[in-house]
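Source file: run_5.tsv; contents: TSV, C-alpha atoms and all ligand atoms.
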chain	number	residue	atom	x	y	z
A	5	MET	CA	-11.06	-2.40	12.33
A	6	ILE	CA	-9.73	-0.17	9.59
A	7	ARG	CA	-8.71	3.42	10.41
A	8	PRO	CA	-6.18	6.09	9.43
A	9	LEU	CA	-3.01	5.89	11.50
A	10	ASP	CA	-1.71	8.85	13.47
A	11	ALA	CA	1.45	9.76	15.38
A	12	ALA	CA	0.60	7.39	18.25
A	13	ASP	CA	0.79	4.45	15.82
A	14	ALA	CA	4.34	5.25	14.67
A	15	ALA	CA	6.11	2.38	16.47
A	16	ALA	CA	3.55	-0.23	15.44
A	17	PHE	CA	3.58	1.06	11.86
A	18	GLN	CA	7.36	1.00	11.62
A	19	ALA	CA	7.53	-2.54	13.06
A	20	LEU	CA	4.97	-3.86	10.57
A	21	ARG	CA	6.47	-1.96	7.65
A	22	LEU	CA	9.93	-3.35	8.43
A	23	ARG	CA	8.50	-6.83	8.83
A	24	GLY	CA	6.94	-6.54	5.37
A	25	LEU	CA	10.18	-5.29	3.82
A	26	ARG	CA	12.08	-8.16	5.46
A	27	GLU	CA	9.59	-10.94	4.72
A	28	SER	CA	8.35	-9.86	1.28
A	29	PRO	CA	11.31	-7.92	-0.18
A	30	GLU	CA	10.26	-8.65	-3.77
A	31	ALA	CA	6.88	-6.94	-3.24
A	32	PHE	CA	8.21	-3.43	-2.54
A	33	GLY	CA	10.30	-0.80	-4.29
A	34	SER	CA	11.96	0.13	-1.01
A	35	THR	CA	14.23	-2.05	1.15
A	36	TYR	CA	14.55	-2.96	4.82
A	37	GLU	CA	18.05	-1.46	4.93
A	38	GLU	CA	16.81	1.90	3.61
A	39	GLU	CA	13.99	2.20	6.15
A	40	ALA	CA	15.33	0.50	9.28
A	41	GLY	CA	17.14	3.66	10.37
A	42	ILE	CA	14.31	6.13	9.90
A	43	PRO	CA	13.78	7.84	13.28
A	44	LEU	CA	10.45	7.21	14.97
A	45	ASP	CA	9.71	10.91	15.31
A	46	GLU	CA	10.03	11.31	11.53
A	47	ILE	CA	7.48	8.54	11.05
A	48	ALA	CA	5.23	10.03	13.74
A	49	ALA	CA	5.37	13.44	12.05
A	50	ARG	CA	4.45	11.90	8.72
A	51	LEU	CA	1.53	9.98	10.19
A	52	ALA	CA	0.37	13.15	11.95
A	53	ARG	CA	0.40	15.01	8.62
A	54	GLY	CA	-1.71	12.17	7.24
A	55	ALA	CA	-4.60	13.55	9.22
A	56	GLU	CA	-4.74	16.29	6.56
A	57	GLY	CA	-5.76	13.53	4.17
A	58	GLU	CA	-3.44	13.80	1.19
A	59	ASP	CA	-0.65	11.55	2.48
A	60	VAL	CA	-2.40	9.03	4.66
A	61	VAL	CA	-1.75	5.50	5.91
A	62	PHE	CA	-4.65	3.25	6.80
A	63	GLY	CA	-4.17	0.41	9.24
A	64	ALA	CA	-6.05	-2.83	9.90
A	65	LEU	CA	-6.22	-3.68	13.60
A	66	ASP	CA	-7.06	-7.05	15.06
A	67	ASP	CA	-7.84	-6.83	18.78
A	68	GLY	CA	-5.88	-3.58	18.87
A	69	VAL	CA	-2.84	-5.10	17.12
A	70	LEU	CA	-1.78	-3.56	13.82
A	71	VAL	CA	-1.75	-6.39	11.24
A	72	GLY	CA	-2.14	-4.55	7.93
A	73	VAL	CA	-1.25	-1.22	6.34
A	74	ALA	CA	-1.71	0.63	3.05
A	75	GLY	CA	-0.81	4.19	2.08
A	76	LEU	CA	-2.25	6.81	-0.26
A	77	ARG	CA	-0.21	9.79	-1.41
A	78	ARG	CA	-1.65	12.57	-3.52
A	79	ASP	CA	0.70	14.02	-6.10
A	80	ARG	CA	1.87	17.49	-5.06
A	81	HIS	CA	2.57	18.85	-8.54
A	82	ARG	CA	-0.06	21.24	-9.82
A	83	LYS	CA	-0.56	19.37	-13.09
A	84	ALA	CA	-0.82	16.01	-11.32
A	85	ARG	CA	-3.05	16.92	-8.41
A	86	HIS	CA	-5.79	14.73	-9.89
A	87	ARG	CA	-3.65	11.65	-9.17
A	88	ALA	CA	-2.96	9.74	-5.98
A	89	HIS	CA	-0.68	6.74	-5.55
A	90	VAL	CA	-1.35	3.63	-3.49
A	91	TRP	CA	1.78	2.31	-1.78
A	92	GLY	CA	2.97	-0.06	0.90
A	93	MET	CA	0.08	-2.53	0.92
A	94	TYR	CA	0.94	-5.23	3.44
A	95	VAL	CA	-1.00	-7.70	5.58
A	96	ALA	CA	0.91	-9.87	8.06
A	97	PRO	CA	0.92	-13.52	6.95
A	98	GLU	CA	-1.11	-14.72	9.95
A	99	ALA	CA	-3.90	-12.24	9.09
A	100	ARG	CA	-4.15	-12.94	5.36
A	101	GLY	CA	-7.09	-14.43	3.52
A	102	ARG	CA	-9.64	-12.76	5.83
A	103	GLY	CA	-10.49	-9.78	3.66
A	104	LEU	CA	-8.23	-7.26	5.37
A	105	GLY	CA	-6.27	-6.40	2.22
A	106	ARG	CA	-9.51	-5.77	0.40
A	107	ALA	CA	-10.92	-3.72	3.31
A	108	LEU	CA	-7.74	-1.59	3.45
A	109	LEU	CA	-7.85	-0.88	-0.27
A	110	GLU	CA	-11.58	-0.15	-0.20
A	111	SER	CA	-10.95	2.32	2.63
A	112	LEU	CA	-8.21	4.03	0.62
A	113	ILE	CA	-10.47	4.26	-2.42
A	114	ALA	CA	-13.33	5.65	-0.33
A	115	HIS	CA	-10.95	8.16	1.23
A	116	ALA	CA	-9.60	9.21	-2.17
A	117	ARG	CA	-13.17	9.92	-3.29
A	118	THR	CA	-13.45	12.48	-0.50
A	119	LEU	CA	-10.44	14.45	-1.79
A	120	PRO	CA	-11.76	17.14	-4.14
A	121	GLY	CA	-10.27	16.85	-7.60
A	122	VAL	CA	-8.68	13.40	-7.26
A	123	GLU	CA	-9.66	11.41	-10.36
A	124	ARG	CA	-7.10	8.61	-10.71
A	125	LEU	CA	-5.46	6.16	-8.35
A	126	THR	CA	-2.28	4.48	-9.49
A	127	LEU	CA	-0.15	1.67	-8.10
A	128	SER	CA	2.63	-0.65	-9.16
A	129	VAL	CA	2.95	-4.38	-8.61
A	130	VAL	CA	5.43	-7.07	-9.52
A	131	PRO	CA	3.50	-9.04	-12.17
A	132	ASP	CA	4.01	-12.46	-10.59
A	133	ASN	CA	2.55	-11.27	-7.26
A	134	GLN	CA	-0.75	-13.09	-7.85
A	135	ALA	CA	-2.34	-12.24	-4.49
A	136	ALA	CA	-1.82	-8.50	-4.84
A	137	ARG	CA	-2.59	-8.42	-8.56
A	138	SER	CA	-5.88	-10.21	-8.20
A	139	LEU	CA	-6.85	-7.98	-5.26
A	140	TYR	CA	-6.24	-4.89	-7.41
A	141	LEU	CA	-8.08	-6.33	-10.40
A	142	HIS	CA	-11.06	-7.29	-8.20
A	143	LEU	CA	-11.35	-3.70	-7.02
A	144	GLY	CA	-11.35	-2.35	-10.57
A	145	PHE	CA	-7.73	-1.41	-11.21
A	146	VAL	CA	-6.72	-1.79	-14.86
A	147	SER	CA	-3.23	-2.54	-16.07
A	148	TYR	CA	-1.81	0.18	-18.33
A	149	GLY	CA	1.79	-0.79	-18.77
A	150	LEU	CA	4.64	-3.10	-17.93
A	151	GLU	CA	7.99	-1.56	-17.10
A	152	PRO	CA	10.73	-4.11	-17.76
A	153	ARG	CA	13.57	-4.34	-15.25
A	154	ALA	CA	12.08	-1.56	-13.13
A	155	TYR	CA	13.93	-2.74	-10.02
A	156	ARG	CA	17.41	-4.15	-9.53
A	157	LEU	CA	19.07	-5.53	-6.43
A	158	ASP	CA	22.29	-7.51	-6.24
A	159	GLY	CA	22.16	-8.28	-9.96
A	160	GLU	CA	18.53	-9.49	-9.91
A	161	TYR	CA	15.83	-7.59	-11.83
A	162	TRP	CA	12.05	-7.29	-11.38
A	163	ASP	CA	9.47	-5.92	-13.79
A	164	SER	CA	6.81	-3.53	-12.56
A	165	GLU	CA	3.20	-3.52	-13.74
A	166	HIS	CA	1.45	-0.17	-13.52
A	167	MET	CA	-2.27	-0.11	-12.76
A	168	ALA	CA	-4.84	2.64	-12.43
A	169	LEU	CA	-8.36	3.06	-11.14
A	170	VAL	CA	-10.44	5.89	-12.58
A	171	LEU	CA	-12.75	7.23	-9.87
A	172	ALA	CA	-16.25	7.80	-11.20
A	201	LIG	C1	-1.57	-8.88	-1.17
A	201	LIG	C2	-2.03	-8.93	0.26
A	201	LIG	C3	-2.04	-7.51	0.82
A	201	LIG	C4	-3.47	-9.49	0.30
A	201	LIG	O1	-3.94	-9.36	1.64
A	201	LIG	P1	-5.14	-10.31	2.21
A	201	LIG	O2	-5.63	-9.68	3.45
A	201	LIG	O3	-4.67	-11.71	2.30
A	201	LIG	O4	-6.21	-10.19	1.04
A	201	LIG	P2	-7.77	-10.45	1.18
A	201	LIG	O5	-8.03	-11.58	2.13
A	201	LIG	O6	-8.46	-9.17	1.46
A	201	LIG	O7	-8.15	-10.93	-0.27
A	201	LIG	C5	-8.65	-9.99	-1.22
A	201	LIG	C6	-8.44	-10.51	-2.61
A	201	LIG	O8	-7.04	-10.64	-2.87
A	201	LIG	C7	-6.82	-11.75	-3.71
A	201	LIG	N1	-5.96	-12.69	-3.02
A	201	LIG	C8	-5.58	-12.64	-1.72
A	201	LIG	N2	-4.73	-13.65	-1.47
A	201	LIG	C9	-4.59	-14.33	-2.62
A	201	LIG	C10	-3.80	-15.44	-3.00
A	201	LIG	N3	-3.00	-16.07	-2.13
A	201	LIG	N4	-3.86	-15.86	-4.29
A	201	LIG	C11	-4.65	-15.24	-5.18
A	201	LIG	N5	-5.41	-14.16	-4.87
A	201	LIG	C12	-5.38	-13.72	-3.62
A	201	LIG	C13	-8.16	-12.31	-4.04
A	201	LIG	O9	-8.57	-11.66	-5.22
A	201	LIG	C14	-9.02	-11.87	-2.89
A	201	LIG	O10	-10.35	-11.74	-3.26
A	201	LIG	P3	-11.44	-12.81	-2.73
A	201	LIG	O11	-11.49	-12.62	-1.23
A	201	LIG	O12	-12.67	-12.38	-3.42
A	201	LIG	O13	-10.92	-14.15	-3.13
A	201	LIG	C15	-1.13	-9.86	1.13
A	201	LIG	O14	-1.04	-11.11	0.50
A	201	LIG	C16	0.29	-9.31	1.34
A	201	LIG	O15	0.51	-8.50	2.23
A	201	LIG	N6	1.27	-9.80	0.55
A	201	LIG	C17	2.68	-9.44	0.76
A	201	LIG	C18	2.95	-7.97	0.44
A	201	LIG	C19	2.48	-7.60	-0.94
A	201	LIG	O16	2.58	-8.37	-1.89
A	201	LIG	N7	1.98	-6.36	-1.05
A	201	LIG	C20	1.52	-5.82	-2.30
A	201	LIG	C21	2.61	-4.97	-2.88
A	201	LIG	S1	2.12	-4.34	-4.50
Hey, can you dump this file as structure tokens for me?
Ligand SMILES: CC(C)(COP(=O)(O)OP(=O)(O)OC[C@H]1O[C@@H](n2cnc3c(N)ncnc32)[C@H](O)[C@@H]1OP(=O)(O)O)[C@@H](O)C(=O)NCCC(=O)NCCS
Amino acid sequence: MIRPLDAADAAAFQALRLRGLRESPEAFGSTYEEEAGIPLDEIAARLARGAEGEDVVFGALDDGVLVGVAGLRRDRHRKARHRAHVWGMYVAPEARGRGLGRALLESLIAHARTLPGVERLTLSVVPDNQAARSLYLHLGFVSYGLEPRAYRLDGEYWDSEHMALVLA
């Protein structure tokens, strides 16, 4: 089951998000340490605002248990209101390979199409993340640039590949 998360999902969302940051640190621009201390009510408030549609997190539930998440955030700047950014795509390892990542991204794309004026979806991925890259390519995202050394942690660097999907 794929659905937008709301305030009641805050604890489950935070647990899965932190698990992703801990288990797949190379996949995300953020870190476990930065997010572990975010108060639950802050997360709940953000998920509640998501109901308005422009800053939304979709979840994949398996028997009522949250096993996957992906976010969509519309740019707030007047000249960039036609863009929305996909962030935080994560499916728990035990739920992978069953189409949930694809279903989450398809739901985000379908949702973006309902937002008047949104024309482009963007996202960033570490180029050697084959699973995520091929998911994005399968759903029509096109690579438009490679940012060298976009991330740095403890002396290690990662490139970032930028991709976009133009909504018809
Ligand atoms: C990327 C991720 C979300 C995919 O989730 P998933 O539920 O396993 O993906 P799906 O089962 O829906 O697969 C969809 C497509 O993804 C690609 N894919 C998924 N796993 C793959 C793998 N191990 N190797 C290559 N391609 C893979 C395939 O293109 C697949 O299409 P197909 O079903 O037609 O073969 C998951 O591996 C994950 O959470 N990884 C860790 C976090 C991460 O990398 N997030 C992305 C940050 S940019």
Checklist entry - Which residues form the shell of 7 Å around ligand LIG 201 (chain A) when you count all atoms listed in the file, given as a PyMOL selection string? => result chain A and resi 24+28+31-32+92-97+99-107+128-130+133-136+138-139+142
Next on the checklist: Set the distance at 9 Å and use only C-alpha atoms: which residues neighbour Ala16 (chain A) once local chain neighbours fewer than 4 positions away are removed? I'd like the list as a PyMOL selection string.
Outcome noted: chain A and resi 12+20-21+69-70
Item to check | Atom-to-atom span, CA of Ala40 (chain A) and CA of Ala15 (chain A), Å | outcome: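 Pair CA of Ala40 (chain A) / CA of Ala15 (chain A) returns 11.8 Å.
Distance annotation: of A:Thr35, A:Arg77, A:Leu9, A:Arg26, the residue with the minimal separation from Leu157 (chain A) is A:Thr35; atom set is only C-alpha atoms.
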Checklist entry - CA of Glu123 (chain A) to CA of Val170 (chain A): how many Å, to one decimal? => result 6.0 Å
Next on the checklist: Under the rule that only C-alpha atoms are counted, which of A:Glu30, A:Asp13, A:Glu37, A:Asp66 is the nearest residue to Ala49 (chain A)?
Outcome noted: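 Closest to Ala49 (chain A), using only C-alpha atoms: A:Asp13.
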Next on the checklist: For a test of reading the model, state the distance in Å between CA of Tyr36 (chain A) and CA of Tyr155 (chain A), rounded to one decimal.
Outcome noted: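 CA of Tyr36 (chain A) sits 14.9 Å away from CA of Tyr155 (chain A).
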Checklist entry - Nearest to Arg137 (chain A): which of A:Leu44, A:Met167, A:Ala64, A:Ile6 is it, counting all atoms listed in the file? => result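 Selected residue with least distance to Arg137 (chain A): A:Met167.
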Checklist entry - For Gly54 (chain A), which residue among A:Gly33, A:Pro8, A:Gly72, A:Gly41 is the nearest when counting only C-alpha atoms? => result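 When distances to Gly54 (chain A) are compared using only C-alpha atoms, the smallest one comes from A:Pro8.
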Item to check | All residues 10 Å or closer to Arg53 (chain A), only C-alpha atoms, same chain fewer than 6 positions away omitted, as a ChimeraX atom specification | outcome: /A:10-11,47,59-60
Checklist outcome for this item: Counting all atoms listed in the file, the residue among A:Glu39, A:Leu143, A:Arg117, A:Ser34 that lies closest to Trp91 (chain A) is A:Ser34
Checklist entry - Which of these, A:Arg156, A:Arg124, A:Arg23, A:Arg50, has the shortest distance to His86 (chain A) once you count all atoms listed in the file? => result A:Arg124
Show me, as a compact mmCIF listing (two decimals) with C-alpha atoms, in the frame of the given file, the residues that have an atom within 12 Å of Ala84 (chain A) when counting only C-alpha atoms, minus same-chain residues fewer than 5 positions from it.
# COMPACT_ATOMS: atom_id res chain seq x y z
CA ARG A 77 -0.21 9.79 -1.41
CA ARG A 78 -1.65 12.57 -3.52
CA ASP A 79 0.70 14.02 -6.10
CA HIS A 89 -0.68 6.74 -5.55
CA GLY A 121 -10.27 16.85 -7.60
CA VAL A 122 -8.68 13.40 -7.26
CA GLU A 123 -9.66 11.41 -10.36
CA ARG A 124 -7.10 8.61 -10.71
CA LEU A 125 -5.46 6.16 -8.35
CA THR A 126 -2.28 4.48 -9.49
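Omitting Phe145 (chain A) and its sequence neighbours fewer than 4 positions away, and counting only C-alpha atoms, the residues within 6 Å are A:Tyr140, A:Leu141, A:Met167, A:Ala168, A:Leu169.
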Next on the checklist: Give me, as a list in words, all polymer residues having an atom no more than 9 Å from Gly149 (chain A), counting only C-alpha atoms and skipping those fewer than 5 positions away in the same chain.
Outcome noted: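 Selected residues are Ser164, Glu165, His166 and Met167 of chain A.
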